[in-house]
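To be precise, the following lines are protein_12.pdb, and they hold PDB, C-alpha atoms and all ligand atoms.
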ATOM      1  CA  MET M   1     -12.988 -31.495   4.162  1.00  0.00           C
ATOM      2  CA  ARG M   2     -13.635 -30.842   0.529  1.00  0.00           C
ATOM      3  CA  LEU M   3     -16.759 -28.869   1.321  1.00  0.00           C
ATOM      4  CA  LEU M   4     -14.834 -26.795   3.852  1.00  0.00           C
ATOM      5  CA  LEU M   5     -12.173 -26.024   1.277  1.00  0.00           C
ATOM      6  CA  VAL M   6     -14.787 -25.021  -1.279  1.00  0.00           C
ATOM      7  CA  SER M   7     -16.562 -22.718   1.143  1.00  0.00           C
ATOM      8  CA  LEU M   8     -13.278 -21.205   2.284  1.00  0.00           C
ATOM      9  CA  LEU M   9     -12.315 -20.568  -1.313  1.00  0.00           C
ATOM     10  CA  SER M  10     -15.619 -18.952  -2.151  1.00  0.00           C
ATOM     11  CA  ALA M  11     -15.451 -16.778   0.974  1.00  0.00           C
ATOM     12  CA  TYR M  12     -11.986 -15.744  -0.114  1.00  0.00           C
ATOM     13  CA  ALA M  13     -13.191 -14.961  -3.640  1.00  0.00           C
ATOM     14  CA  ALA M  14     -16.099 -12.925  -2.239  1.00  0.00           C
ATOM     15  CA  ALA M  15     -13.748 -10.936  -0.015  1.00  0.00           C
ATOM     16  CA  GLN M  16     -11.536 -10.236  -3.021  1.00  0.00           C
ATOM     17  CA  THR M  17     -14.342  -9.022  -5.247  1.00  0.00           C
ATOM     18  CA  ALA M  18     -16.549  -7.254  -2.682  1.00  0.00           C
ATOM     19  CA  CYS M  19     -16.299  -3.496  -2.572  1.00  0.00           C
ATOM     20  CA  PRO M  20     -15.089  -2.141   0.741  1.00  0.00           C
ATOM     21  CA  PRO M  21     -15.750   1.564   1.450  1.00  0.00           C
ATOM     22  CA  PHE M  22     -12.068   2.161   2.036  1.00  0.00           C
ATOM     23  CA  GLU M  23      -8.785   0.471   1.186  1.00  0.00           C
ATOM     24  CA  PHE M  24      -5.281   0.873   2.570  1.00  0.00           C
ATOM     25  CA  VAL M  25      -2.726   0.283  -0.193  1.00  0.00           C
ATOM     26  CA  TYR M  26       0.773   0.227   1.181  1.00  0.00           C
ATOM     27  CA  ALA M  27       4.242  -0.529  -0.171  1.00  0.00           C
ATOM     28  CA  PRO M  28       6.447  -2.039   2.558  1.00  0.00           C
ATOM     29  CA  GLN M  29      10.214  -1.623   2.828  1.00  0.00           C
ATOM     30  CA  ASN M  30      10.839  -5.220   1.913  1.00  0.00           C
ATOM     31  CA  ALA M  31       8.645  -7.644   0.078  1.00  0.00           C
ATOM     32  CA  GLY M  32       8.516 -10.275  -2.615  1.00  0.00           C
ATOM     33  CA  THR M  33       6.489 -11.133  -5.672  1.00  0.00           C
ATOM     34  CA  GLY M  34       3.575 -13.394  -6.560  1.00  0.00           C
ATOM     35  CA  ALA M  35       2.973 -16.603  -4.592  1.00  0.00           C
ATOM     36  CA  GLN M  36       6.327 -16.089  -2.919  1.00  0.00           C
ATOM     37  CA  PHE M  37       5.023 -12.816  -1.461  1.00  0.00           C
ATOM     38  CA  GLU M  38       1.794 -14.425  -0.218  1.00  0.00           C
ATOM     39  CA  SER M  39       3.538 -17.298   1.548  1.00  0.00           C
ATOM     40  CA  ALA M  40       6.239 -15.087   3.090  1.00  0.00           C
ATOM     41  CA  ALA M  41       3.643 -12.523   4.234  1.00  0.00           C
ATOM     42  CA  SER M  42       1.411 -15.142   5.849  1.00  0.00           C
ATOM     43  CA  LYS M  43       4.306 -16.291   8.045  1.00  0.00           C
ATOM     44  CA  VAL M  44       5.125 -12.928   9.633  1.00  0.00           C
ATOM     45  CA  TRP M  45       3.116 -10.923  12.136  1.00  0.00           C
ATOM     46  CA  SER M  46       3.181  -7.806   9.960  1.00  0.00           C
ATOM     47  CA  LYS M  47       1.434  -9.699   7.097  1.00  0.00           C
ATOM     48  CA  GLY M  48       3.464  -8.153   4.302  1.00  0.00           C
ATOM     49  CA  TYR M  49       2.896  -4.534   5.358  1.00  0.00           C
ATOM     50  CA  GLY M  50       6.095  -4.182   7.404  1.00  0.00           C
ATOM     51  CA  ALA M  51       6.162  -2.844  10.978  1.00  0.00           C
ATOM     52  CA  ALA M  52       5.095   0.781  10.353  1.00  0.00           C
ATOM     53  CA  GLY M  53       2.527  -0.193   7.726  1.00  0.00           C
ATOM     54  CA  TYR M  54       0.938  -2.882   9.874  1.00  0.00           C
ATOM     55  CA  SER M  55       0.713  -0.494  12.819  1.00  0.00           C
ATOM     56  CA  LEU M  56      -1.088   2.042  10.634  1.00  0.00           C
ATOM     57  CA  TYR M  57      -3.265  -0.668   9.092  1.00  0.00           C
ATOM     58  CA  THR M  58      -4.441  -2.059  12.443  1.00  0.00           C
ATOM     59  CA  ASN M  59      -5.102   1.458  13.767  1.00  0.00           C
ATOM     60  CA  LEU M  60      -7.199   2.277  10.696  1.00  0.00           C
ATOM     61  CA  THR M  61      -9.063  -1.035  10.902  1.00  0.00           C
ATOM     62  CA  ALA M  62     -10.163  -0.140  14.424  1.00  0.00           C
ATOM     63  CA  LEU M  63     -11.540   3.180  13.168  1.00  0.00           C
ATOM     64  CA  ILE M  64     -13.083   2.060   9.874  1.00  0.00           C
ATOM     65  CA  PRO M  65     -14.937  -1.258  10.103  1.00  0.00           C
ATOM     66  CA  GLY M  66     -15.177  -3.171   6.828  1.00  0.00           C
ATOM     67  CA  MET M  67     -12.121  -1.573   5.290  1.00  0.00           C
ATOM     68  CA  ALA M  68      -9.690  -3.594   3.202  1.00  0.00           C
ATOM     69  CA  GLY M  69      -5.937  -3.599   2.831  1.00  0.00           C
ATOM     70  CA  TYR M  70      -3.485  -4.464   0.079  1.00  0.00           C
ATOM     71  CA  PRO M  71       0.301  -4.696   0.550  1.00  0.00           C
ATOM     72  CA  VAL M  72       2.057  -3.857  -2.713  1.00  0.00           C
ATOM     73  CA  HIS M  73       3.878  -6.904  -4.117  1.00  0.00           C
ATOM     74  CA  TYR M  74       7.369  -6.104  -5.306  1.00  0.00           C
ATOM     75  CA  PRO M  75      10.893  -7.458  -4.832  1.00  0.00           C
ATOM     76  CA  ALA M  76      12.293  -4.642  -2.642  1.00  0.00           C
ATOM     77  CA  SER M  77      16.083  -4.549  -2.630  1.00  0.00           C
ATOM     78  CA  PHE M  78      18.963  -2.102  -2.849  1.00  0.00           C
ATOM     79  CA  SER M  79      19.018  -2.444  -6.608  1.00  0.00           C
ATOM     80  CA  GLY M  80      16.856   0.669  -7.001  1.00  0.00           C
ATOM     81  CA  CYS M  81      14.678   0.945 -10.105  1.00  0.00           C
ATOM     82  CA  THR M  82      14.817  -2.722 -11.055  1.00  0.00           C
ATOM     83  CA  SER M  83      12.933  -3.551  -7.873  1.00  0.00           C
ATOM     84  CA  GLU M  84      10.898  -0.331  -7.622  1.00  0.00           C
ATOM     85  CA  ASP M  85       9.477  -0.577 -11.125  1.00  0.00           C
ATOM     86  CA  PRO M  86       7.508  -3.810 -10.530  1.00  0.00           C
ATOM     87  CA  GLY M  87       6.165  -2.190  -7.340  1.00  0.00           C
ATOM     88  CA  ILE M  88       4.973   0.874  -9.263  1.00  0.00           C
ATOM     89  CA  LYS M  89       3.295  -1.376 -11.790  1.00  0.00           C
ATOM     90  CA  ASP M  90       1.626  -3.482  -9.084  1.00  0.00           C
ATOM     91  CA  MET M  91       0.401  -0.447  -7.110  1.00  0.00           C
ATOM     92  CA  GLN M  92      -0.832   1.334 -10.237  1.00  0.00           C
ATOM     93  CA  ASN M  93      -2.598  -1.759 -11.633  1.00  0.00           C
ATOM     94  CA  HIS M  94      -4.206  -2.527  -8.300  1.00  0.00           C
ATOM     95  CA  LEU M  95      -5.534   1.019  -7.783  1.00  0.00           C
ATOM     96  CA  ILE M  96      -6.858   1.369 -11.326  1.00  0.00           C
ATOM     97  CA  ALA M  97      -8.578  -2.027 -11.172  1.00  0.00           C
ATOM     98  CA  ARG M  98     -10.106  -1.397  -7.746  1.00  0.00           C
ATOM     99  CA  ALA M  99     -11.339   2.069  -8.716  1.00  0.00           C
ATOM    100  CA  LYS M 100     -12.987   0.594 -11.785  1.00  0.00           C
ATOM    101  CA  GLN M 101     -14.526  -2.305  -9.877  1.00  0.00           C
ATOM    102  CA  CYS M 102     -15.639  -0.167  -6.900  1.00  0.00           C
ATOM    103  CA  PRO M 103     -16.812   3.297  -7.996  1.00  0.00           C
ATOM    104  CA  ASP M 104     -17.372   4.522  -4.406  1.00  0.00           C
ATOM    105  CA  ILE M 105     -14.112   3.273  -2.900  1.00  0.00           C
ATOM    106  CA  LYS M 106     -11.677   5.653  -1.188  1.00  0.00           C
ATOM    107  CA  PHE M 107      -7.961   4.966  -0.775  1.00  0.00           C
ATOM    108  CA  SER M 108      -5.293   5.581   1.783  1.00  0.00           C
ATOM    109  CA  LEU M 109      -1.844   5.091   0.247  1.00  0.00           C
ATOM    110  CA  GLY M 110       1.532   4.828   1.817  1.00  0.00           C
ATOM    111  CA  GLY M 111       4.934   3.275   1.992  1.00  0.00           C
ATOM    112  CA  HIS M 112       8.112   2.855   3.974  1.00  0.00           C
ATOM    113  CA  SER M 113      11.642   3.506   2.689  1.00  0.00           C
ATOM    114  CA  GLN M 114      11.850   1.986  -0.805  1.00  0.00           C
ATOM    115  CA  GLY M 115       8.085   1.491  -0.521  1.00  0.00           C
ATOM    116  CA  GLY M 116       7.848   5.286  -0.153  1.00  0.00           C
ATOM    117  CA  PHE M 117       9.715   5.700  -3.443  1.00  0.00           C
ATOM    118  CA  VAL M 118       7.301   3.252  -5.027  1.00  0.00           C
ATOM    119  CA  THR M 119       4.392   5.329  -3.669  1.00  0.00           C
ATOM    120  CA  ALA M 120       5.903   8.677  -4.688  1.00  0.00           C
ATOM    121  CA  ARG M 121       6.666   7.421  -8.195  1.00  0.00           C
ATOM    122  CA  THR M 122       3.227   5.819  -8.595  1.00  0.00           C
ATOM    123  CA  LEU M 123       1.223   8.907  -7.599  1.00  0.00           C
ATOM    124  CA  PRO M 124       1.962  11.059 -10.686  1.00  0.00           C
ATOM    125  CA  ARG M 125       1.178   8.056 -12.912  1.00  0.00           C
ATOM    126  CA  LEU M 126      -2.391   7.624 -11.650  1.00  0.00           C
ATOM    127  CA  PRO M 127      -5.373   8.772 -13.711  1.00  0.00           C
ATOM    128  CA  LYS M 128      -7.263  11.799 -12.333  1.00  0.00           C
ATOM    129  CA  GLU M 129     -10.302   9.738 -11.389  1.00  0.00           C
ATOM    130  CA  VAL M 130      -8.117   7.466  -9.228  1.00  0.00           C
ATOM    131  CA  ASN M 131      -6.272  10.416  -7.651  1.00  0.00           C
ATOM    132  CA  LYS M 132      -9.648  11.888  -6.601  1.00  0.00           C
ATOM    133  CA  LYS M 133     -10.329   8.780  -4.524  1.00  0.00           C
ATOM    134  CA  ILE M 134      -7.170   9.185  -2.437  1.00  0.00           C
ATOM    135  CA  ILE M 135      -7.949  10.598   0.999  1.00  0.00           C
ATOM    136  CA  ALA M 136      -4.492  10.340   2.516  1.00  0.00           C
ATOM    137  CA  VAL M 137      -0.898   9.393   1.757  1.00  0.00           C
ATOM    138  CA  THR M 138       1.345   8.444   4.686  1.00  0.00           C
ATOM    139  CA  MET M 139       5.027   7.695   4.229  1.00  0.00           C
ATOM    140  CA  PHE M 140       7.765   6.740   6.685  1.00  0.00           C
ATOM    141  CA  GLY M 141      11.495   7.290   5.992  1.00  0.00           C
ATOM    142  CA  SER M 142      10.555   8.173   2.437  1.00  0.00           C
ATOM    143  CA  PRO M 143      10.562  11.056  -0.053  1.00  0.00           C
ATOM    144  CA  ARG M 144       8.937  14.308   1.003  1.00  0.00           C
ATOM    145  CA  CYS M 145       5.414  15.350   0.057  1.00  0.00           C
ATOM    146  CA  ILE M 146       6.327  17.644  -2.828  1.00  0.00           C
ATOM    147  CA  ASP M 147       3.645  19.230  -5.048  1.00  0.00           C
ATOM    148  CA  LYS M 148       4.707  17.101  -8.006  1.00  0.00           C
ATOM    149  CA  LEU M 149       3.075  14.099  -6.323  1.00  0.00           C
ATOM    150  CA  GLY M 150      -0.338  15.663  -6.931  1.00  0.00           C
ATOM    151  CA  VAL M 151      -1.695  15.098  -3.412  1.00  0.00           C
ATOM    152  CA  ALA M 152      -0.976  18.448  -1.731  1.00  0.00           C
ATOM    153  CA  GLY M 153      -2.807  18.735   1.588  1.00  0.00           C
ATOM    154  CA  ARG M 154      -3.424  14.969   1.672  1.00  0.00           C
ATOM    155  CA  CYS M 155       0.141  13.808   2.239  1.00  0.00           C
ATOM    156  CA  LYS M 156       2.367  13.305   5.308  1.00  0.00           C
ATOM    157  CA  SER M 157       5.933  12.038   5.237  1.00  0.00           C
ATOM    158  CA  TYR M 158       7.515  11.149   8.569  1.00  0.00           C
ATOM    159  CA  CYS M 159      11.268  10.791   8.950  1.00  0.00           C
ATOM    160  CA  TYR M 160      14.147  11.116  11.334  1.00  0.00           C
ATOM    161  CA  LYS M 161      16.315  14.169  10.924  1.00  0.00           C
ATOM    162  CA  ASN M 162      19.311  12.452   9.307  1.00  0.00           C
ATOM    163  CA  ASP M 163      17.479   9.717   7.464  1.00  0.00           C
ATOM    164  CA  GLU M 164      19.602   9.177   4.357  1.00  0.00           C
ATOM    165  CA  VAL M 165      16.648   8.068   2.245  1.00  0.00           C
ATOM    166  CA  THR M 166      14.778  11.283   2.972  1.00  0.00           C
ATOM    167  CA  ASN M 167      17.850  13.451   2.566  1.00  0.00           C
ATOM    168  CA  GLU M 168      18.757  11.998  -0.788  1.00  0.00           C
ATOM    169  CA  ASN M 169      16.131  14.243  -2.320  1.00  0.00           C
ATOM    170  CA  ARG M 170      15.481  11.986  -5.281  1.00  0.00           C
TER     171      ARG M 170
HETATM  172  C1  LIG M 201      -1.218   3.280  16.189  1.00  0.00           C
HETATM  173  O1  LIG M 201      -1.788   3.580  17.455  1.00  0.00           O
HETATM  174  C2  LIG M 201      -0.900   3.483  18.540  1.00  0.00           C
HETATM  175  C3  LIG M 201      -1.695   3.698  19.817  1.00  0.00           C
HETATM  176  O2  LIG M 201      -2.397   4.915  19.763  1.00  0.00           O
HETATM  177  C4  LIG M 201       0.226   4.508  18.368  1.00  0.00           C
HETATM  178  O3  LIG M 201       1.157   4.406  19.427  1.00  0.00           O
HETATM  179  C5  LIG M 201       0.919   4.250  17.035  1.00  0.00           C
HETATM  180  O4  LIG M 201       1.885   5.251  16.802  1.00  0.00           O
HETATM  181  C6  LIG M 201      -0.093   4.239  15.893  1.00  0.00           C
HETATM  182  N1  LIG M 201       0.616   3.874  14.685  1.00  0.00           N
HETATM  183  C7  LIG M 201       0.755   4.686  13.630  1.00  0.00           C
HETATM  184  C8  LIG M 201       1.537   4.154  12.492  1.00  0.00           C
HETATM  185  O5  LIG M 201       0.304   5.819  13.601  1.00  0.00           O
END

Output the file's structure as structure tokens, nothing else.
Ligand SMILES: *[C@@H]1O[C@H](CO)[C@@H](O)[C@H](O)[C@H]1NC(C)=O
Amino acid sequence: MRLLLVSLLSAYAAAQTACPPFEFVYAPQNAGTGAQFESAASKVWSKGYGAAGYSLYTNLTALIPGMAGYPVHYPASFSGCTSEDPGIKDMQNHLIARAKQCPDIKFSLGGHSQGGFVTARTLPRLPKEVNKKIIAVTMFGSPRCIDKLGVAGRCKSYCYKNDEVTNENR
């Protein structure tokens, strides 16, 4: 039992530190923080990515073997910045650390609803060398792909016509 636990833990550590060729970093529409996020995410089928994010993640996984995924940890809620800010910090820290650890990695970023705001507000805060590693940004019910985000030609934002999040124009 103990041996099993040790080997599981070391496999987990290896998966965390290994460098995948490609990583999907996605901010869901609702989430949590820290250990609370991990335990909540493990109990739902969408594993912390949310419905749209998990659909995109599984589709990408089928196309790109060996890729990794990271759902942004943040306490999404209607309180706006107070919940978005920790998400921006988590997404930014994760991308900078991964880029440093894995010089050849490429990223696909994205988010849904408030997760889209987290993504859109994180993008301009990323160093140039991290931005260069972003292949695609995909958002659902989120801000539009304006030039200010710094990913022109690499960004798609999908929304329904009268989506109030998208129409807010923040
Ligand atoms: C994933 O693939 C399925 C089947 O082709 C498609 O219906 C779905 O829209 C895709 N999901 C995303 C988020 O593109």

key: Residues within 7 Å of ligand LIG 201 (chain M), counting only C-alpha atoms and all ligand atoms, as a list in words   = Ala52, Gly53, Ser55, Leu56 and Asn59 of chain M

task = Please identify all polymer residues within 12 Å of Leu60 of chain M, counting all atoms listed in the file, omitting same-chain residues fewer than 3 positions from it, and present them as an MDAnalysis selection string.
result = chainID M and resid 22:25 53:57 63:69 107:108 136

key: Point-to-point distance in Å for atom CA of Ala99 of chain M and atom CA of Thr58 of chain M   = 22.6 Å

ask   = Which residues fall under the PyMOL selection byres (((chain M and resi 126) around 12) and not hetatm) in this file, as a list in words?
value = Ile88, Lys89, Met91, Gln92, Asn93, His94, Leu95, Ile96, Ala97, Ala99, Thr119, Ala120, Arg121, Thr122, Leu123, Pro124, Arg125, Pro127, Lys128, Glu129, Val130, Asn131, Lys132, Lys133, Ile134, Leu149, Gly150 and Val151 of chain M

Running the PyMOL selection byres (((chain M and resi 105) around 6) and not hetatm) on this model by hand, what would come out? Give it as a short mmCIF file (atom, residue, chain, number, x, y, z; two decimals) with C-alpha atoms, in the frame of the given file.
data_model
loop_
_atom_site.label_atom_id
_atom_site.label_comp_id
_atom_site.auth_asym_id
_atom_site.auth_seq_id
_atom_site.Cartn_x
_atom_site.Cartn_y
_atom_site.Cartn_z
CA PRO M 21 -15.75 1.56 1.45
CA PHE M 22 -12.07 2.16 2.04
CA CYS M 102 -15.64 -0.17 -6.90
CA PRO M 103 -16.81 3.30 -8.00
CA ASP M 104 -17.37 4.52 -4.41
CA LYS M 106 -11.68 5.65 -1.19
#

Residue with smallest distance to Phe140 of chain M - pool M:Tyr26, M:Phe37, M:Trp45, M:Tyr74, counting all atoms listed in the file =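 Of the candidates, the smallest distance to Phe140 of chain M is held by M:Tyr26.
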
request  = Check which residues satisfy the PyMOL selection byres (((chain M and resi 73) around 12) and not hetatm) in the file shown, then give them as a PyMOL selection string.
outcome  = chain M and resi 25-41+47-49+70-72+74-76+83-94+111+115+118

task = Would you mind reading off the distance between atom CA of Lys156 of chain M and atom CA of Gln101 of chain M, one decimal, in Å?
result =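 Here the two named atoms are 27.6 Å from each other.
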
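Taking atom CA of Ser142 of chain M and atom CA of Cys19 of chain M as the two end points, the separation is 29.7 Å.
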
ask   = Using only C-alpha atoms, which of the listed residues (M:His112, M:Lys148, M:Lys161, M:Lys100) sits closest to Gly50 of chain M?
value =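 So, comparing all the options, the nearest one is M:His112.
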
request  = Return the single residue from M:Leu109, M:Cys159, M:Ala152, M:Ala51 that is closest to Thr138 of chain M, with distances computed using all atoms listed in the file.
outcome  = M:Leu109
